[in-house]
Amino acid sequence: MKFLIKLFFTWLAVIIASYLVPGVHVSDFITALVTATVLTLLNAFIRPVLIVLTIPFTIFTLGLFLFIINAFIVMIGDKFVDGFQVDSFGSALVFSLIVSITVSLLGAMDKKYNKDKKD
């Protein structure tokens, strides 16, 4: 169930970010759902490998290289999903930041709601 909630939050974040970032294009809501699924799977399986392989760069840049990894994941997602297009690396970087922030905020609101609901 947690996976479905996270996927839903990512789907909403993809829709919001595609409207905010001029260089990112999502053709419709179904494409946004497929994009969210692909990005979630890439973040679950590919991102940890990239983080381990780039530990020296991440340490040298004080963690800022993780933003580059996130943008790279978005660029990979662009190759897998028809109807999802990222024009530039900068657009991918801004898109990944907006998606990350949005998912984090939605997740925090969900935890607060569920905590208040249990009390």
# chains A, B, ... in the order shown; residues from 1 in each chain; ligands from 1
>>> select_by_dssp(residues="region 60-101 of chain A", states="helix (DSSP H, G or I)", output="MDAnalysis selection string")
chainID A and resid 60 65:80 89:101
>>> residues_around(residues="Leu20 (chain A)", least_positions_apart="4", cutoff="10 Å", atoms="only C-alpha atoms", output="ChimeraX atom specification")
/A:14-16,24,94-95,98
>>> closest_residue(among="A:Asp78, A:Ala13, A:Phe3, A:Phe8", to="Val103 (chain A)", atoms="only C-alpha atoms")
A:Ala13
>>> residues_around(residues="Thr31 (chain A)", least_positions_apart="6", cutoff="9 Å", atoms="only C-alpha atoms", output="list in words")
Val81, Asp82, Gly83 and Phe84 of chain A
>>> closest_residue(among="A:Phe65, A:Arg47, A:Gly23, A:Ser100", to="Asp87 (chain A)", atoms="only C-alpha atoms")
A:Gly23
>>> residues_around(residues="Leu33 (chain A)", least_positions_apart="5", cutoff="10 Å", atoms="only C-alpha atoms", output="VMD selection string")
chain A and resid 7 to 8 10 to 12 14 to 15 26 28 38 to 39
>>> write_last_selection(atoms="N, CA and C atoms", output="JSON list (two decimals), in the first residue's frame")
[["chain", "number", "residue", "atom", "x", "y", "z"],
["A", 7, "LEU", "N", 3.59, 6.15, -5.29],
["A", 7, "LEU", "CA", 3.38, 6.27, -6.73],
["A", 7, "LEU", "C", 2.37, 7.37, -7.03],
["A", 8, "PHE", "N", 1.29, 7.44, -6.25],
["A", 8, "PHE", "CA", 0.29, 8.49, -6.44],
["A", 8, "PHE", "C", 0.90, 9.87, -6.21],
["A", 10, "THR", "N", 4.05, 10.69, -6.50],
["A", 10, "THR", "CA", 4.97, 10.94, -7.60],
["A", 10, "THR", "C", 4.21, 11.34, -8.86],
["A", 11, "TRP", "N", 3.07, 10.69, -9.11],
["A", 11, "TRP", "CA", 2.24, 11.04, -10.25],
["A", 11, "TRP", "C", 1.79, 12.50, -10.17],
["A", 12, "LEU", "N", 1.30, 12.91, -9.00],
["A", 12, "LEU", "CA", 0.90, 14.30, -8.82],
["A", 12, "LEU", "C", 2.09, 15.25, -9.01],
["A", 14, "VAL", "N", 4.78, 14.75, -10.84],
["A", 14, "VAL", "CA", 5.14, 14.81, -12.25],
["A", 14, "VAL", "C", 4.20, 15.76, -12.99],
["A", 15, "ILE", "N", 2.92, 15.70, -12.69],
["A", 15, "ILE", "CA", 1.97, 16.60, -13.34],
["A", 15, "ILE", "C", 2.27, 18.05, -12.97],
["A", 26, "VAL", "N", 4.77, 16.45, -20.85],
["A", 26, "VAL", "CA", 4.06, 15.20, -20.58],
["A", 26, "VAL", "C", 2.76, 15.28, -21.37],
["A", 28, "ASP", "N", -0.13, 13.42, -21.49],
["A", 28, "ASP", "CA", -1.43, 13.27, -20.84],
["A", 28, "ASP", "C", -1.25, 12.66, -19.44],
["A", 38, "VAL", "N", 7.98, 4.65, -13.88],
["A", 38, "VAL", "CA", 9.35, 4.44, -14.35],
["A", 38, "VAL", "C", 10.34, 5.17, -13.44],
["A", 39, "LEU", "N", 10.05, 6.40, -13.08],
["A", 39, "LEU", "CA", 10.96, 7.15, -12.20],
["A", 39, "LEU", "C", 11.07, 6.49, -10.82]]
>>> select_by_dssp(residues="region 21-94 of chain A", states="strand (DSSP E)", output="mmCIF file with N, CA and C atoms, in the first residue's frame")
data_model
loop_
_atom_site.group_PDB
_atom_site.id
_atom_site.type_symbol
_atom_site.label_atom_id
_atom_site.label_comp_id
_atom_site.auth_asym_id
_atom_site.auth_seq_id
_atom_site.Cartn_x
_atom_site.Cartn_y
_atom_site.Cartn_z
ATOM 1 N N VAL A 24 10.009 20.519 -20.000
ATOM 2 C CA VAL A 24 9.527 19.157 -19.760
ATOM 3 C C VAL A 24 8.093 19.060 -20.277
ATOM 4 N N HIS A 25 7.847 18.021 -21.075
ATOM 5 C CA HIS A 25 6.544 17.858 -21.694
ATOM 6 C C HIS A 25 5.990 16.466 -21.378
ATOM 7 N N VAL A 26 4.770 16.448 -20.848
ATOM 8 C CA VAL A 26 4.056 15.198 -20.581
ATOM 9 C C VAL A 26 2.760 15.283 -21.371
ATOM 10 N N PHE A 84 6.778 11.511 -22.827
ATOM 11 C CA PHE A 84 7.504 12.259 -21.794
ATOM 12 C C PHE A 84 8.799 12.731 -22.417
ATOM 13 N N GLN A 85 8.966 14.048 -22.500
ATOM 14 C CA GLN A 85 10.135 14.606 -23.181
ATOM 15 C C GLN A 85 10.793 15.660 -22.302
ATOM 16 N N VAL A 86 12.095 15.559 -22.176
ATOM 17 C CA VAL A 86 12.891 16.534 -21.443
ATOM 18 C C VAL A 86 13.849 17.167 -22.444
#
>>> closest_residue(among="A:Leu42, A:Ala17, A:Leu62, A:Leu106", to="Met75 (chain A)", atoms="only C-alpha atoms")
A:Leu42
>>> closest_residue(among="A:Pro56, A:Phe80, A:Phe89, A:Ser27", to="Ile68 (chain A)", atoms="only C-alpha atoms")
A:Phe89
>>> residues_around(residues="Leu93 (chain A)", least_positions_apart="3", cutoff="6 Å", atoms="only C-alpha atoms", output="VMD selection string")
chain A and resid 71 90 96
>>> write_last_selection(atoms="C-alpha atoms", output="mmCIF file, in the first residue's frame")
data_model
loop_
_atom_site.group_PDB
_atom_site.id
_atom_site.type_symbol
_atom_site.label_atom_id
_atom_site.label_comp_id
_atom_site.auth_asym_id
_atom_site.auth_seq_id
_atom_site.Cartn_x
_atom_site.Cartn_y
_atom_site.Cartn_z
ATOM 1 C CA ALA A 71 18.638 14.751 -13.207
ATOM 2 C CA GLY A 90 18.872 21.923 -16.879
ATOM 3 C CA SER A 96 13.802 16.507 -10.430
#
>>> atom_distance(atom1="CA of Phe72 (chain A)", atom2="CA of Ala92 (chain A)")
7.5 Å
>>> atom_distance(atom1="CA of Ser18 (chain A)", atom2="CA of Lys79 (chain A)")
16.3 Å
>>> atom_distance(atom1="CA of Thr37 (chain A)", atom2="CA of Asn114 (chain A)")
23.9 Å
>>> closest_residue(among="A:Ala108, A:Ile51, A:Ile46, A:Val99", to="Ile76 (chain A)", atoms="only C-alpha atoms")
A:Ile46
>>> closest_residue(among="A:Tyr19, A:Phe9, A:Val49, A:Ala44", to="Ser91 (chain A)", atoms="only C-alpha atoms")
A:Tyr19
